Amino acid sequence: MFALGIRYLMGWAMAAADGARKEGAEWPPHPDRVFMALAAAWFETGEDPQEGEVLQWLELLQPPGIWASPKEDRVPTTSYVPVNDTSVATSKTVSILCSTTEASLGKLKEAGLALLPEFRSRQPRGFPVAIPHHPVVYLVWPDDLPVAHRQALETLSRKVTSIGHSASLVQMWLTDEPPRPNLVPKNGISQHRLRVFGPGRLNYLRERCNRVAVICYLELEEQIKRAKGRDKKALQNLQNERFPGGSPVSLRPEPGLWQGYNVPVSAPAVSVQGSLFDPRLVILKIAGRRLSLPVTLKLTEALRGALFAACPDPIPEWLSGHTADGAPSKNPHLGLIPLPFAGADHADGRLMGIALVLPKNLDPAEVDRILTPWLWNVETGEARRNRLFDGQWLECTVELETSETPPTNLKLETWTASSRRWATVTPVVLDRHFDGAKKWELAAESVKVGCERIGLPRPGDVLLHPVSMIQGVPRANEFPRLTRKKDGGRMHHAHAIITFDEVVQGPIMVGAGRFRGYGFCRPLTQGGGDHG
Amino acid sequence: MEKLTLEVLKQAVSGTAAAFRCVTEYQPAGGVGDKVFPPTYEGGKYAVEKRMIGGQPVPCVLLDSVQSQANRMELALLEAKKAGFIYLPLVTVRFEGENLGKAFVVTSLDAPHRIADAILRDSLLDGVMFRRSELGRVLDNADTRNATGLFGLNPTALVFGIWDSTGPRGGLGAKFQRALVSEMVGVNAEMGCKTASRIDPAQIMLGSGPIFKRNRQGDNTPHWTLDQSQAAQEKNQPKKLGKDGKPSEANHGNVTPGIVDGGFTISYAQQTTVLSLAALRRLRFPLNGSADSDRTVDQIAHVTLAALGLTAATLAREEGADLRSRCQLFPTQKFVWELLDTPGEAPRQFELSGGDAVALLKQVVSEAKNAKLPWYDEINLLPTPDLMQLVTRSQELAMNQAVEGGE
């Protein structure tokens, strides 16, 4: 294992996360940005061959893990900086202008007065700043650093002076004892996407800059301007010969590769049984009009529609829940669950987010292919803000939650932590109507069977009730009923407290409406502890 | 505490240390708890942020930006040069002459883009456009591997950074990253209110208008009038003064008292200045047109630039921090420079006064000259006749407008 330590000497990092817009600050520094800082140090300090070799060796490694602390953002502001491309008009223009009574300050500025600092025009510019809680970041590779590369990497890292804006001064060093990364590369859907580098990046940077050719062309251009007669002609011929395609260009590098990153999942100390669903929920935060829990069905319907619309044909079975011939799938498929403000004092049940719940054991590459273009702008690397509209009144936007410190109700563990007791935040839909003196026992029994159906052990106890045990959740009768497909009959539902004999891991969605957001449970920990 | 001597500086620059850093606390000149006014940005916004201090997120506000601090440090050097304390290369453009109402000077220490600024580019050195002159051409070929010419002409550009983006090489022109970065923030910043009001001693009321722009101004009349018959005409109507002819357009009348958000109280202000030695070490100084540089010469140049940066930062600190109206601060700590070397180890600390910094700079400049590094004095440029003509005409216009009570 080896790592590059990076200390931000001013305590902050100035680098734009959004390219030329410069409205948001990038944190943590993307591995490709760090690589470009190393490459810049190499290009500008004489291109030592051994340092070049170590850069090309780095290109071949898998993307590094990252240790970085959470950050705060400086409120983005716009500064106005003086331009430097002003020049004086021709002598004739200046003379004519200055000799007339028409001369106004504006016209004088246009003619060249704007050269003076007090009249210089200014352009808006943003300087986005992220202030990490700890000014040191580590890029950690699990690979062994060959002895032959150690000295070169140590020397090159010392030559790196800034990452991002030139004011973002850093100290970089090589270390063998970094902290354990808190962001690791992950294939498939991930909470973060960072730019990484790959084979050929160093050469790409050189070719993209095209420095030697551009400077050679411009120098010839200068010589041609000054030369006369035969000399001028000879130089023009030389320029045409060397640059038959005209003026070469120097371009900014495009982002290289994008790589998903997630917080590493530590294996639980003891094996905990979970359902058929993957506990790594894809959490989307909701913005726009305030929505409350009882609109869950409408919201999940709108989200399902948006996902289907964006999905390339054919829509896979794990996404649609239907086989190619239109029959209902017998395999677990995508579920959508509401994430309300619940389980706390003053909780009011408003929807803060919605999560995609994927069945376990899906091919990450397949999930990535289908969902990543909808979740991320693959060009800018920013999370997409997708609009949801039900065609009537429900309208909002959803966007992947990427914050390092999301609100409690948008945290994975709030909904998937292990617990013996669970309570619903949306009512469990009973798969049939129960009558008679034992109707509640029979209904509870059907919920127990429902738990087994999603791969959980049979609960020891199920208690159905019109009121949820989770603070802020509306009563069951405030939620619209699901209707049976075959006869349009309204299906009964109720809140539930489900107690297992052992600890189980979420997510738990049980009952007939489980793929549409009903029967969604939260670990019952109110009042402290597990109540178990 | 140890003094920051030339020997220390040489060891630091030739070793592996990343930077010198100085963190200084300040209090408002009005005393602890007095309100300060940070800079406002577009839309009247303040640059507020949270910083982790003592393990807690603490609200802070930007009091002086990196760019502004750089300007202050350059001006401190300019003042020191004018006062004869330091001997520093400087390129100046002098706007002076009989026809000019107000003479002024622009230098490479106060031009927005330093030595690469358009105003220097378009001025004359001995009758030749500066960038076509032998001295000016050093910028065309300057880069990190060949910084000798720029060192002699404008060494501050190597400390504060420069990008010659409008020279013959366009965007690939000489580009040197800044080695000195400084910033000031207010810690534990609580936004307050500011009030605005004015009681006119003459008690001129809003209803006493409208007032009009006077047609002809004499020595015994103001530039405005209540008499429509004496008003300037616009589209066959008497022209109101300003937008709507309120007495306040002529600075008369009351201002309605108002309260808006503005100003902050802070626990203290913190200035952080970092001089990156790694950035200086990148530079090479070949002599006599050689492709390679001598390691000893490079190190002398690095030490000179480090001393220049330390001098700029120390002199600017000693001048105090009168940042803007109602934002004057004074330091409550000595200026202690930390040498940031091996990560994880406590940095060595040094004291440096302005006087000591100036002495250090003199000593090391002398060594640089002995090593045959260039170090010019003042290079005087003249504006082109066309630019002078524009400036003269602009001053005439400004004067006429002032006489007419200009709008």
# chains A, B, ... in the order shown; residues from 1 in each chain; ligands from 1
$ interface_residues --of "chain B" --to "chain A" --cutoff "8 Å" --atoms "only C-alpha atoms" --output "MDAnalysis selection string"
chainID B and resid 16 18 41:42 45:52 66 111:113 117:119 122 144:145 166 168:169 172 177:178 181 272:274 276 278:279 281:283 386:387 389:391 393:394 397
$ select_by_dssp --residues "region 6-119 of chain B" --states "strand (DSSP E or B)" --output "PyMOL selection string"
chain B and resi 19-28+36+41+45+48-53+56-64+90-95+104-107
$ residues_around --residues "Arg420 (chain A)" --least-positions-apart "2" --cutoff "10 Å" --atoms "only C-alpha atoms" --output "PyMOL selection string"
chain A and resi 418+422+459-460+498-505+523-525+530-532
$ select_by_dssp --residues "region 219-411 of chain A" --states "alpha helix (DSSP H)" --output "ChimeraX atom specification"
/A:219-226,229-242,296-310,317-320,364-375
$ closest_residue --among "B:Leu373, B:Leu381, B:Leu9, B:Asn400" --to "Phe95 (chain B)" --atoms "only C-alpha atoms"
B:Leu381
$ atom_distance --atom1 "CA of Gly52 (chain A)" --atom2 "CA of Asp292 (chain B)"
19.9 Å
$ residues_around --residues "Thr156 (chain B)" --least-positions-apart "5" --cutoff "10 Å" --atoms "only C-alpha atoms" --output "PyMOL selection string"
chain B and resi 74+77+88-90+108-109+114-115+150-151+161-162+178+305+308-309+312
$ residues_around --residues "Thr426 (chain A)" --least-positions-apart "3" --cutoff "10 Å" --atoms "only C-alpha atoms" --output "VMD selection string"
chain A and resid 293 to 294 296 337 to 338 340 423 429 468 473 to 476 479 493 to 496 509 513 to 514 517 to 522
$ residues_around --residues "region 385-397 of chain A" --least-positions-apart "6" --cutoff "7 Å" --atoms "only C-alpha atoms" --output "VMD selection string"
chain A and resid 286 to 289 298 302 to 303 306
$ write_last_selection --atoms "all heavy atoms" --output "short mmCIF file (atom, residue, chain, number, x, y, z; two decimals), in the first residue's frame"
data_model
loop_
_atom_site.label_atom_id
_atom_site.label_comp_id
_atom_site.auth_asym_id
_atom_site.auth_seq_id
_atom_site.Cartn_x
_atom_site.Cartn_y
_atom_site.Cartn_z
N ILE A 286 -35.72 15.12 -2.66
CA ILE A 286 -36.83 15.75 -3.38
C ILE A 286 -36.77 17.26 -3.18
O ILE A 286 -36.53 17.74 -2.08
CB ILE A 286 -38.19 15.23 -2.84
CG1 ILE A 286 -38.31 13.73 -3.13
CG2 ILE A 286 -39.35 15.99 -3.46
CD1 ILE A 286 -39.57 13.10 -2.56
N ALA A 287 -36.98 18.01 -4.25
CA ALA A 287 -37.09 19.47 -4.15
C ALA A 287 -38.35 19.91 -4.87
O ALA A 287 -38.84 19.22 -5.77
CB ALA A 287 -35.86 20.12 -4.77
N GLY A 288 -38.84 21.03 -4.47
CA GLY A 288 -40.05 21.56 -5.12
C GLY A 288 -41.19 21.65 -4.12
O GLY A 288 -40.95 21.84 -2.92
N ARG A 289 -42.38 21.50 -4.62
CA ARG A 289 -43.56 21.65 -3.76
C ARG A 289 -43.53 20.62 -2.62
O ARG A 289 -43.10 19.48 -2.81
CB ARG A 289 -44.81 21.44 -4.60
CG ARG A 289 -46.08 21.68 -3.84
CD ARG A 289 -47.27 21.25 -4.65
NE ARG A 289 -47.56 22.16 -5.74
CZ ARG A 289 -48.62 22.03 -6.53
NH1 ARG A 289 -49.45 21.04 -6.37
NH2 ARG A 289 -48.84 22.90 -7.49
N LYS A 298 -48.74 8.19 -5.83
CA LYS A 298 -48.61 9.08 -7.00
C LYS A 298 -47.13 9.35 -7.30
O LYS A 298 -46.72 9.39 -8.46
CB LYS A 298 -49.34 10.41 -6.74
CG LYS A 298 -50.84 10.33 -6.98
CD LYS A 298 -51.46 11.71 -6.99
CE LYS A 298 -52.91 11.66 -7.38
NZ LYS A 298 -53.12 11.23 -8.78
N ALA A 302 -45.06 8.31 -10.63
CA ALA A 302 -44.37 9.30 -11.48
C ALA A 302 -42.91 8.92 -11.66
O ALA A 302 -42.35 9.05 -12.76
CB ALA A 302 -44.48 10.69 -10.85
N LEU A 303 -42.27 8.46 -10.60
CA LEU A 303 -40.86 8.09 -10.69
C LEU A 303 -40.69 6.86 -11.59
O LEU A 303 -39.77 6.82 -12.43
CB LEU A 303 -40.30 7.80 -9.28
CG LEU A 303 -38.85 7.33 -9.22
CD1 LEU A 303 -37.91 8.29 -9.94
CD2 LEU A 303 -38.39 7.18 -7.77
N ALA A 306 -40.90 7.98 -15.11
CA ALA A 306 -39.69 8.69 -15.56
C ALA A 306 -38.56 7.71 -15.84
O ALA A 306 -37.81 7.85 -16.81
CB ALA A 306 -39.27 9.70 -14.49
#
